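Structure file coords10.txt (compact mmCIF, C-alpha atoms) follows.
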```txt
# COMPACT_ATOMS: atom_id res chain seq x y z
CA MET A 1 11.91 180.01 100.43
CA PRO A 2 8.71 178.65 98.82
CA ASN A 3 10.14 175.17 98.49
CA GLN A 4 10.86 175.08 102.17
CA LEU A 5 7.46 176.53 102.82
CA VAL A 6 5.39 173.60 101.61
CA THR A 7 5.78 170.02 102.70
CA PRO A 8 6.40 168.31 99.40
CA GLU A 9 4.56 165.17 98.43
CA ILE A 10 7.56 162.92 98.16
CA LYS A 11 5.98 159.84 96.72
CA ASN A 12 2.59 158.27 96.39
CA LEU A 13 1.91 155.37 98.68
CA SER A 14 1.29 151.93 97.28
CA PRO A 15 -1.98 150.24 98.34
CA ARG A 16 0.01 148.06 100.75
CA GLU A 17 1.73 151.02 102.33
CA ARG A 18 -1.60 152.79 102.67
CA LYS A 19 -3.06 149.79 104.45
CA PHE A 20 -0.03 149.71 106.76
CA SER A 21 -0.40 153.44 107.43
CA ARG A 22 -4.02 152.95 108.46
CA PHE A 23 -2.98 150.12 110.76
CA ILE A 24 -0.34 152.26 112.50
CA LEU A 25 -2.74 155.22 112.61
CA PHE A 26 -5.14 153.15 114.71
CA PHE A 27 -2.54 152.79 117.47
CA GLU A 28 -1.31 156.35 117.06
CA ASP A 29 -4.85 157.62 117.57
CA LEU A 30 -5.29 155.51 120.69
CA ILE A 31 -2.56 157.60 122.31
CA LYS A 32 -2.70 160.96 120.56
CA VAL A 33 -6.45 161.54 120.49
CA PRO A 34 -7.10 161.20 124.24
CA VAL A 35 -3.81 162.79 125.32
CA PHE A 36 -3.41 165.66 122.85
CA GLN A 37 -6.88 165.86 121.24
CA CYS A 38 -5.02 165.10 118.00
CA GLN A 39 -6.79 166.32 114.86
CA LYS A 40 -4.94 163.83 112.61
CA CYS A 41 -3.35 166.37 110.30
CA GLY A 42 -0.63 163.84 109.55
CA GLU A 43 2.02 166.55 109.73
CA CYS A 44 2.67 166.53 113.44
CA ILE A 45 4.47 169.54 114.96
CA LEU A 46 3.56 168.69 118.57
CA SER A 47 7.20 168.72 119.66
CA SER A 48 7.70 172.33 118.63
CA THR A 49 4.41 173.62 120.05
CA GLY A 50 4.92 172.70 123.69
CA PHE A 51 3.31 169.26 123.13
CA THR A 52 -0.07 170.91 122.54
CA CYS A 53 -1.89 170.25 119.28
CA CYS A 54 -2.18 173.61 117.44
CA GLN A 55 -4.73 172.15 115.02
CA ARG A 56 -7.39 172.54 117.71
CA CYS A 57 -7.40 176.26 116.81
CA PRO A 58 -10.61 177.12 114.88
CA LYS A 59 -8.42 178.75 112.22
CA ARG A 60 -5.95 175.84 112.33
CA LEU A 61 -3.08 178.29 112.71
CA ARG A 62 0.36 176.73 112.75
CA ASN A 63 2.46 179.82 113.39
CA GLY A 64 0.98 181.48 116.44
CA PRO A 65 -2.24 183.06 117.69
CA CYS A 66 -4.48 185.37 115.69
CA GLY A 67 -5.04 188.87 117.04
CA GLY A 68 -8.14 187.96 118.99
CA THR A 69 -6.94 186.26 122.16
CA GLY A 70 -8.83 187.68 125.14
CA GLU A 71 -7.14 189.16 128.19
CA ASP A 72 -7.91 185.99 130.13
CA GLY A 73 -6.54 183.88 127.28
CA SER A 74 -9.91 182.93 125.82
CA CYS A 75 -10.50 182.02 122.19
CA GLU A 76 -12.24 184.73 120.14
CA VAL A 77 -14.41 182.24 118.28
CA TYR A 78 -15.53 180.06 121.19
CA SER A 79 -15.31 182.19 124.31
CA ASP A 80 -15.75 179.20 126.61
CA ARG A 81 -12.51 177.70 125.30
CA LYS A 82 -8.94 178.73 125.98
CA CYS A 83 -6.95 180.03 123.02
CA ILE A 84 -4.82 177.05 122.11
CA TRP A 85 -1.85 179.31 121.36
CA PHE A 86 -2.17 180.81 124.83
CA LEU A 87 -1.67 177.30 126.21
CA ILE A 88 1.14 176.57 123.75
CA HIS A 89 2.97 179.68 124.87
CA GLN A 90 2.47 178.82 128.56
CA ARG A 91 3.64 175.24 128.16
CA SER A 92 6.56 176.10 125.86
CA LYS A 93 7.78 178.57 128.43
CA TRP A 94 7.40 176.06 131.20
CA LEU A 95 9.24 173.39 129.21
CA GLY A 96 11.98 175.78 128.06
CA ARG A 97 10.99 175.31 124.43
CA LEU A 98 10.10 178.89 123.55
CA THR A 99 12.84 179.19 120.94
CA LEU A 100 11.11 176.57 118.82
CA LEU A 101 8.20 178.97 118.28
CA TYR A 102 10.45 181.36 116.34
CA ASP A 103 10.68 179.06 113.31
CA ILE A 104 8.18 179.50 110.49
CA LYS A 105 6.15 176.31 110.12
CA ARG A 106 5.44 174.90 106.69
CA ILE A 107 2.10 175.24 104.92
CA HIS A 108 0.09 172.14 105.61
CA ASN A 109 0.09 169.44 102.95
CA TRP A 110 -3.52 168.30 102.88
CA ASN A 111 -2.59 165.00 101.22
CA LEU A 112 -1.16 163.98 104.57
CA GLU A 113 -4.52 164.49 106.31
CA LYS A 114 -5.58 161.35 108.20
CA THR A 115 -2.31 159.53 107.62
CA SER A 116 0.02 158.30 110.34
CA ALA A 117 2.41 161.07 111.38
CA TRP A 118 4.73 158.51 112.97
CA LEU A 119 5.08 156.66 109.67
CA ASN A 120 5.40 159.97 107.80
CA ILE A 121 8.36 160.82 110.02
CA PHE A 122 9.82 157.35 109.52
CA TRP A 123 9.36 157.62 105.75
CA LYS A 124 10.90 161.14 105.84
CA ARG A 125 7.80 162.74 104.36
CA ILE A 126 7.68 165.36 107.14
CA ASP A 127 10.20 167.03 109.44
CA PRO A 128 11.36 164.90 112.38
CA PRO A 129 10.26 166.00 115.87
CA VAL A 130 12.64 167.94 118.09
CA LEU A 131 12.58 165.82 121.23
CA PHE A 132 15.61 167.17 123.05
CA LEU A 133 16.95 170.69 123.05
CA SER A 134 20.57 171.40 123.88
CA ARG A 135 21.30 174.20 126.32
CA LYS A 136 22.60 176.29 123.42
CA GLN A 137 19.34 175.84 121.53
CA ARG A 138 17.32 176.74 124.60
CA GLN A 139 19.19 179.99 125.07
CA ARG A 140 19.18 180.95 121.41
CA LYS A 141 18.96 184.73 121.26
CA ILE A 142 16.71 186.15 118.59
CA HIS A 143 17.50 189.49 117.02
CA GLY A 144 16.33 191.41 113.97
CA SER A 145 19.85 191.48 112.59
CA ASP A 146 19.54 187.75 111.85
CA ILE A 147 16.94 188.58 109.22
CA GLN A 148 18.38 188.43 105.73
CA ARG A 149 16.88 190.59 103.00
CA MET B 1 1.71 207.89 90.79
CA ALA B 2 5.36 208.39 90.12
CA VAL B 3 6.38 207.89 93.74
CA THR B 4 5.15 204.55 95.00
CA PHE B 5 4.33 203.59 98.57
CA LYS B 6 7.47 201.45 98.65
CA ASP B 7 9.61 204.46 97.74
CA LYS B 8 7.96 206.38 100.54
CA ILE B 9 8.76 203.60 103.01
CA GLU B 10 12.37 203.74 101.96
CA SER B 11 12.46 207.52 102.42
CA ASP B 12 12.32 208.91 105.95
CA ARG B 13 8.97 210.66 105.75
CA PHE B 14 6.26 210.20 108.35
CA LEU B 15 3.66 208.11 106.54
CA VAL B 16 -0.11 208.35 106.73
CA CYS B 17 -2.36 205.52 105.55
CA GLY B 18 -6.11 205.71 105.31
CA GLU B 19 -8.66 202.96 105.28
CA LEU B 20 -11.70 202.46 103.11
CA GLY B 21 -14.43 199.88 103.55
CA PRO B 22 -16.08 198.85 100.27
CA PRO B 23 -19.90 198.90 100.16
CA GLN B 24 -22.19 195.89 100.59
CA SER B 25 -23.45 196.39 97.05
CA CYS B 26 -22.08 196.72 93.52
CA LYS B 27 -22.24 200.50 93.56
CA GLY B 28 -18.71 201.57 92.61
CA ASP B 29 -19.67 205.21 92.95
CA VAL B 30 -19.57 204.82 96.74
CA ILE B 31 -15.82 204.27 96.47
CA ARG B 32 -15.38 207.16 94.04
CA LYS B 33 -17.28 209.40 96.44
CA LYS B 34 -15.23 208.29 99.46
CA SER B 35 -11.98 208.71 97.55
CA VAL B 36 -12.40 212.50 97.80
CA HIS B 37 -11.46 212.28 101.48
CA PHE B 38 -8.09 210.71 100.70
CA LYS B 39 -6.93 212.48 97.58
CA ASN B 40 -3.59 214.28 98.06
CA ARG B 41 -3.83 213.74 101.80
CA VAL B 42 -2.65 210.21 102.50
CA ASP B 43 0.22 208.10 101.16
CA ALA B 44 -1.90 205.02 100.55
CA VAL B 45 -5.34 203.69 101.34
CA ASN B 46 -6.07 200.24 102.76
CA ILE B 47 -9.04 198.48 101.23
CA THR B 48 -10.52 195.92 103.51
CA ASP B 49 -11.21 192.40 102.30
CA ASN B 50 -14.68 191.42 103.56
CA GLN B 51 -13.91 192.70 107.04
CA THR B 52 -15.53 190.90 109.97
CA ALA B 53 -16.51 188.26 107.40
CA ILE B 54 -19.33 190.35 105.93
CA VAL B 55 -19.68 190.12 102.16
CA ARG B 56 -18.62 193.32 100.44
CA LEU B 57 -17.39 194.53 97.07
CA SER B 58 -14.08 192.81 96.37
CA SER B 59 -10.90 194.44 97.58
CA ILE B 60 -9.08 194.17 94.25
CA ALA B 61 -11.97 195.64 92.25
CA SER B 62 -12.26 198.54 94.73
CA ALA B 63 -8.52 199.10 94.45
CA LYS B 64 -8.82 199.42 90.69
CA ILE B 65 -11.56 202.04 91.08
CA LEU B 66 -9.40 203.92 93.57
CA MET B 67 -6.37 203.78 91.29
CA ASP B 68 -8.38 205.40 88.53
CA GLN B 69 -8.79 208.33 90.96
CA ASN B 70 -4.98 208.53 91.28
CA ILE B 71 -4.87 207.15 94.81
CA GLU B 72 -2.47 204.37 95.72
CA PRO B 73 -4.32 201.41 97.23
CA ILE B 74 -3.13 198.72 99.62
CA ILE B 75 -5.28 195.65 99.11
CA GLN B 76 -5.93 193.37 102.04
CA MET B 77 -5.67 189.67 101.33
CA THR B 78 -7.14 187.25 103.84
CA CYS B 79 -6.68 183.51 104.09
CA ARG B 80 -10.23 182.92 105.28
CA ASP B 81 -11.82 182.77 101.84
CA ARG B 82 -9.08 181.48 99.59
CA ASN B 83 -6.86 178.47 99.30
CA ARG B 84 -3.33 178.70 97.95
CA ILE B 85 -4.49 178.45 94.34
CA ALA B 86 -6.96 181.33 94.62
CA ILE B 87 -4.55 183.49 96.62
CA GLN B 88 -1.78 183.21 94.05
CA SER B 89 -4.21 183.72 91.19
CA ASP B 90 -5.74 186.81 92.82
CA LEU B 91 -2.29 188.22 93.49
CA LEU B 92 -1.32 187.78 89.85
CA GLY B 93 -4.55 189.50 88.85
CA ALA B 94 -3.90 192.37 91.25
CA ALA B 95 -0.37 192.79 89.93
CA ALA B 96 -1.68 192.80 86.35
CA LEU B 97 -4.04 195.65 87.26
CA GLY B 98 -1.08 197.60 88.58
CA ILE B 99 -1.71 197.11 92.31
CA ARG B 100 1.60 197.23 94.14
CA ASN B 101 0.77 196.85 97.82
CA VAL B 102 -0.75 193.93 99.63
CA LEU B 103 -1.51 193.54 103.32
CA CYS B 104 -1.42 189.88 104.33
CA LEU B 105 -3.92 188.84 106.98
CA THR B 106 -5.27 185.61 108.36
CA GLY B 107 -8.77 187.10 108.43
CA ASP B 108 -11.60 187.25 110.93
CA HIS B 109 -13.35 183.98 111.61
CA GLN B 110 -16.48 183.49 109.50
CA LYS B 111 -18.56 183.09 112.67
CA PHE B 112 -18.50 186.87 113.19
CA GLY B 113 -19.97 187.69 109.79
CA ASN B 114 -23.26 187.40 107.98
CA HIS B 115 -22.54 183.88 106.74
CA PRO B 116 -21.58 182.12 109.98
CA GLU B 117 -22.39 178.75 108.46
CA ALA B 118 -19.66 179.13 105.82
CA ARG B 119 -16.64 176.86 105.58
CA GLY B 120 -13.51 178.74 106.61
CA VAL B 121 -10.63 177.91 104.32
CA PHE B 122 -7.51 178.91 106.32
CA ASP B 123 -5.32 176.91 103.96
CA MET B 124 -2.38 178.97 105.20
CA ASP B 125 -1.89 181.67 107.79
CA SER B 126 -0.72 185.26 107.46
CA ILE B 127 2.95 184.44 108.03
CA GLN B 128 2.92 181.75 105.39
CA LEU B 129 1.05 184.15 103.08
CA ILE B 130 3.78 186.77 103.50
CA ALA B 131 6.38 184.13 102.66
CA THR B 132 4.31 183.10 99.63
CA VAL B 133 4.21 186.68 98.31
CA THR B 134 7.94 187.05 98.98
CA GLY B 135 8.46 183.89 96.92
CA MET B 136 6.29 185.26 94.12
CA ASN B 137 8.29 188.49 94.14
CA LYS B 138 11.36 186.34 93.60
CA GLY B 139 9.65 184.63 90.69
CA GLU B 140 8.45 181.36 92.10
CA PHE B 141 5.02 179.89 92.81
CA LEU B 142 4.44 177.85 95.95
CA SER B 143 4.72 174.74 93.81
CA GLY B 144 8.25 175.75 92.82
CA ASP B 145 7.24 176.54 89.23
CA PRO B 146 8.77 179.75 87.87
CA ILE B 147 6.68 182.88 87.18
CA LYS B 148 7.68 184.30 83.81
CA THR B 149 6.73 187.89 84.64
CA LYS B 150 7.08 188.27 88.34
CA PRO B 151 5.15 190.74 90.49
CA ALA B 152 6.85 193.31 92.73
CA PHE B 153 4.58 193.63 95.72
CA CYS B 154 5.25 195.78 98.71
CA ILE B 155 4.22 193.41 101.49
CA GLY B 156 2.41 194.51 104.61
CA ALA B 157 1.37 192.67 107.74
CA ALA B 158 -0.64 193.34 110.86
CA ALA B 159 0.44 193.25 114.49
CA ASN B 160 -1.52 193.47 117.70
CA PRO B 161 0.45 194.95 120.61
CA PHE B 162 -2.48 194.57 123.01
CA ALA B 163 -3.64 190.94 122.94
CA GLU B 164 -2.39 188.20 125.19
CA PRO B 165 0.08 186.45 125.28
CA LEU B 166 2.22 189.50 124.70
CA GLU B 167 5.46 187.61 124.18
CA MET B 168 3.81 185.56 121.45
CA ARG B 169 2.91 188.82 119.66
CA LEU B 170 6.59 189.71 119.40
CA ILE B 171 7.42 186.21 118.17
CA ARG B 172 4.79 186.58 115.46
CA LEU B 173 6.08 190.02 114.52
CA TYR B 174 9.59 188.57 114.26
CA LYS B 175 8.32 185.80 112.01
CA LYS B 176 6.41 188.24 109.82
CA VAL B 177 9.47 190.42 109.32
CA MET B 178 11.55 187.30 108.70
CA ALA B 179 9.05 186.14 106.08
CA GLY B 180 9.54 189.45 104.26
CA ALA B 181 7.05 192.06 105.51
CA HIS B 182 8.07 195.55 104.38
CA PHE B 183 5.62 197.37 106.60
CA ILE B 184 3.50 196.59 109.67
CA GLN B 185 0.17 198.13 110.59
CA THR B 186 -0.86 197.73 114.20
CA GLN B 187 -4.23 197.31 115.85
CA ALA B 188 -5.88 200.58 116.91
CA VAL B 189 -4.06 202.23 119.79
CA PHE B 190 -6.29 203.14 122.71
CA ASP B 191 -3.77 202.32 125.43
CA VAL B 192 -0.73 204.45 124.76
CA GLU B 193 1.30 203.20 127.72
CA GLN B 194 1.04 199.59 126.62
CA PHE B 195 1.93 200.64 123.07
CA ILE B 196 5.08 202.42 124.26
CA ARG B 197 6.09 199.33 126.26
CA TRP B 198 5.55 197.16 123.18
CA MET B 199 7.59 199.49 120.97
CA ASP B 200 10.46 199.38 123.48
CA ARG B 201 10.58 195.62 123.07
CA VAL B 202 10.26 195.85 119.28
CA ARG B 203 13.21 198.22 119.19
CA ALA B 204 15.20 196.01 121.54
CA LEU B 205 14.67 193.11 119.14
CA GLY B 206 15.94 195.32 116.30
CA LEU B 207 12.77 194.86 114.27
CA SER B 208 11.90 198.55 113.78
CA GLU B 209 14.97 198.93 111.56
CA LYS B 210 13.96 196.01 109.39
CA THR B 211 10.39 197.06 108.76
CA ALA B 212 8.27 200.23 108.78
CA ILE B 213 5.87 200.22 111.73
CA LEU B 214 2.66 202.19 111.25
CA ALA B 215 0.55 202.64 114.38
CA GLY B 216 -3.20 202.19 114.04
CA VAL B 217 -5.37 205.13 115.08
CA MET B 218 -9.14 204.81 115.19
CA PRO B 219 -11.25 207.94 115.70
CA VAL B 220 -14.58 207.10 117.34
CA LYS B 221 -17.88 208.99 117.18
CA SER B 222 -19.34 208.09 120.54
CA VAL B 223 -18.73 206.30 123.80
CA ASN B 224 -21.00 203.49 122.61
CA ALA B 225 -18.67 202.78 119.70
CA LEU B 226 -15.78 202.53 122.16
CA LEU B 227 -17.69 200.28 124.55
CA HIS B 228 -18.81 198.11 121.64
CA MET B 229 -15.16 197.75 120.57
CA GLN B 230 -14.12 196.78 124.07
CA LYS B 231 -16.85 194.19 124.34
CA GLU B 232 -17.14 192.76 120.85
CA VAL B 233 -13.75 193.16 119.21
CA PRO B 234 -11.31 190.74 120.77
CA GLY B 235 -7.77 191.88 121.39
CA VAL B 236 -8.49 195.58 121.79
CA ARG B 237 -7.42 197.30 124.99
CA ILE B 238 -9.00 200.64 125.82
CA SER B 239 -7.73 203.01 128.45
CA GLN B 240 -10.44 203.97 130.99
CA GLU B 241 -9.51 207.62 130.62
CA TYR B 242 -10.83 207.80 127.05
CA ILE B 243 -14.10 206.11 127.96
CA SER B 244 -14.84 208.57 130.76
CA ARG B 245 -13.77 211.53 128.64
CA LEU B 246 -16.11 210.53 125.83
CA LYS B 247 -18.92 209.83 128.28
CA ASN B 248 -18.69 213.29 129.84
CA ALA B 249 -18.15 215.21 126.63
CA SER B 250 -20.89 217.57 125.46
CA ASP B 251 -19.95 216.90 121.83
CA PRO B 252 -18.66 213.31 121.65
CA LYS B 253 -17.68 213.63 117.98
CA GLU B 254 -15.46 216.62 118.72
CA GLU B 255 -13.98 214.81 121.73
CA GLY B 256 -13.35 211.70 119.60
CA ILE B 257 -11.35 213.78 117.13
CA LYS B 258 -9.45 215.40 119.99
CA ILE B 259 -8.53 212.02 121.47
CA ALA B 260 -7.35 210.72 118.07
CA VAL B 261 -5.19 213.81 117.52
CA GLU B 262 -3.72 213.45 121.01
CA ILE B 263 -2.86 209.81 120.39
CA ILE B 264 -1.21 210.75 117.08
CA GLN B 265 0.94 213.38 118.78
CA ILE B 266 2.18 210.85 121.34
CA ILE B 267 2.79 208.22 118.68
CA ARG B 268 4.83 210.65 116.58
CA SER B 269 7.25 211.14 119.43
CA ILE B 270 7.93 207.41 119.85
CA LYS B 271 11.23 206.31 118.37
CA GLY B 272 10.99 203.75 115.59
CA ILE B 273 7.47 204.63 114.45
CA ARG B 274 7.37 205.33 110.75
CA GLY B 275 3.80 206.53 110.42
CA ILE B 276 0.17 206.08 111.30
CA HIS B 277 -2.66 204.09 109.87
CA LEU B 278 -5.96 205.93 110.22
CA MET B 279 -8.88 203.53 110.34
CA PRO B 280 -12.18 205.17 111.11
CA VAL B 281 -14.79 202.45 110.71
CA MET B 282 -17.41 203.69 108.23
CA TRP B 283 -16.42 207.30 108.99
CA GLU B 284 -13.94 207.96 106.17
CA SER B 285 -14.98 211.62 105.94
CA ILE B 286 -13.15 212.34 109.20
CA THR B 287 -9.73 211.36 107.77
CA PRO B 288 -8.88 214.82 106.29
CA VAL B 289 -10.02 216.58 109.49
CA ILE B 290 -7.72 214.51 111.67
CA ILE B 291 -4.79 214.90 109.29
CA GLN B 292 -5.33 218.66 109.30
CA GLU B 293 -5.72 218.91 113.09
CA SER B 294 -2.64 216.85 113.84
CA GLY B 295 -0.51 218.85 111.41
CA LEU B 296 0.25 215.95 109.06
CA TYR B 297 -1.21 217.65 106.01
CA GLN B 298 1.23 217.43 103.14
```

Mind turning this structure into structure tokens?
Amino acid sequence: MPNQLVTPEIKNLSPRERKFSRFILFFEDLIKVPVFQCQKCGECILSSTGFTCCQRCPKRLRNGPCGGTGEDGSCEVYSDRKCIWFLIHQRSKWLGRLTLLYDIKRIHNWNLEKTSAWLNIFWKRIDPPVLFLSRKQRQRKIHGSDIQR
Amino acid sequence: MAVTFKDKIESDRFLVCGELGPPQSCKGDVIRKKSVHFKNRVDAVNITDNQTAIVRLSSIASAKILMDQNIEPIIQMTCRDRNRIAIQSDLLGAAALGIRNVLCLTGDHQKFGNHPEARGVFDMDSIQLIATVTGMNKGEFLSGDPIKTKPAFCIGAAANPFAEPLEMRLIRLYKKVMAGAHFIQTQAVFDVEQFIRWMDRVRALGLSEKTAILAGVMPVKSVNALLHMQKEVPGVRISQEYISRLKNASDPKEEGIKIAVEIIQIIRSIKGIRGIHLMPVMWESITPVIIQESGLYQ
């Protein structure tokens, strides 16, 4: 499991590639920052979190909310904000993408911070986004008996 | 300590866990003194890891002191203060000292503590931490390097049946069990009806067979403590009945014990519950009284 748990650093970028990544990142930010309040983690999982950036969470949680969400869905750290995972749950439900929340997300690779997620996907450094879900995937039933020990 | 906590989980006994908060000083005697309340009464004792982000004596060091008193500790490990290097190193250290149980938590945000200006690490979250420990049990670091002498931790996790969004809580519980949690300790139960509803769904998902669920029980001294919890501690739901009962009681301490015992009796009758986790905040001396009153004394 551990190897699947961390996003491996596949290869170091050459100076030219790094320059190209910065160039693409500029355009990526133009879209992702105003629309999703992207935090530029470089390891985008937007598609599996109801198209809501989970890195806006003060604890940067990638696998679901901490135990402190208020009854009205407020964040425990900043009570004037909504818990981002409350929104993710709402939107995932609305979009029929709840089953995607059952997968354990990898531990963030900090070397990818402030790199272009689009290029990282293209270069196969991170998992590709799940853009379309088949009906079977949508209706995936989760049960404890699936858990292998 | 011939019978370990893991053996007890695998047996079908009703388990009782205590909780001990280390002092805000280097006085180890405080832990030795508190250990009297747990000896021969509980199956294991949780040792909090800088709870509510207030600096305290380290969890692993406290566990060592407790082990010398022949009490089995469960150390808490939070992701707030450590990155993946420190977490794995601390776990190896704990295993070398003979600590066998670890409760994996994300940790309270540093803003709630006495160093609100600190940098929160949160390199990984609790679910990823559980998976990391599972990997270490199998003999592999996060990097993929092998561990020559591998630890054998009994892995615990927390669950909150009371915070919104409730469906997300079950998803997280599912992930925690999938990542390898052997036992689950829940947030303090003050709303029994909601807890029963949650357990129904846990059983329906088939999770209670895969992991041992220990329900949290928190005895409170006064109505103010309860109101403070409701106001300040996020994700705690308190039934109005208990507030009014404590408010009208002539002896709130006695009433607090009575309420805790009542909650334990209800919890014991719920199918799929494997035990309780007693967590009186800074009131450890009440643990033996409650165990005695609720007939759990072994």

Using all atoms listed in the file, which residue out of A:Gly64, A:Gly50, A:Pro34, A:Pro58 lies closest to Ile104 of chain A?
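Checking each candidate against Ile104 of chain A, we get A:Gly64 as the closest.
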
Counting all atoms listed in the file, which residues from chain A have an atom at most 9 Å from any atom of chain B, and could you show them as a ChimeraX atom specification?
/A:1-3,5-6,8,58-73,75-77,85-86,89-90,101-108,110,142-149

Interatomic distance between atom CA of Ser11 of chain B and atom CA of His37 of chain B?
24.4 Å

Separation of atom CA of Gln194 of chain B from atom CA of Cys83 of chain A, in Å and rounded to one decimal
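Taking atom CA of Gln194 of chain B and atom CA of Cys83 of chain A, their separation equals 21.4 Å.
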
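Atom pair atom CA of Ala53 of chain B / atom CA of Asp81 of chain B: separated by 9.1 Å.
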
For Ser116 of chain A, which of A:Gln39, A:Gln139, A:Ser92, A:Ser47 is the closest residue, counting all atoms listed in the file?
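Distance minimum relative to Ser116 of chain A lands on A:Gln39.
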
Spatial neighbours of segment 226-228 of chain B, 9 Å, all atoms listed in the file, chain gap at least 4 places, as a PDB file with C-alpha atoms, in the coordinates of the input:
```pdb
ATOM      1  CA  VAL B 220     -14.580 207.100 117.340  1.00  0.00           C
ATOM      2  CA  LYS B 221     -17.880 208.990 117.180  1.00  0.00           C
ATOM      3  CA  SER B 222     -19.340 208.090 120.540  1.00  0.00           C
ATOM      4  CA  GLU B 232     -17.140 192.760 120.850  1.00  0.00           C
ATOM      5  CA  VAL B 233     -13.750 193.160 119.210  1.00  0.00           C
ATOM      6  CA  ILE B 238      -9.000 200.640 125.820  1.00  0.00           C
ATOM      7  CA  TYR B 242     -10.830 207.800 127.050  1.00  0.00           C
ATOM      8  CA  ILE B 243     -14.100 206.110 127.960  1.00  0.00           C
ATOM      9  CA  LEU B 246     -16.110 210.530 125.830  1.00  0.00           C
TER      10      LEU B 246
END
```
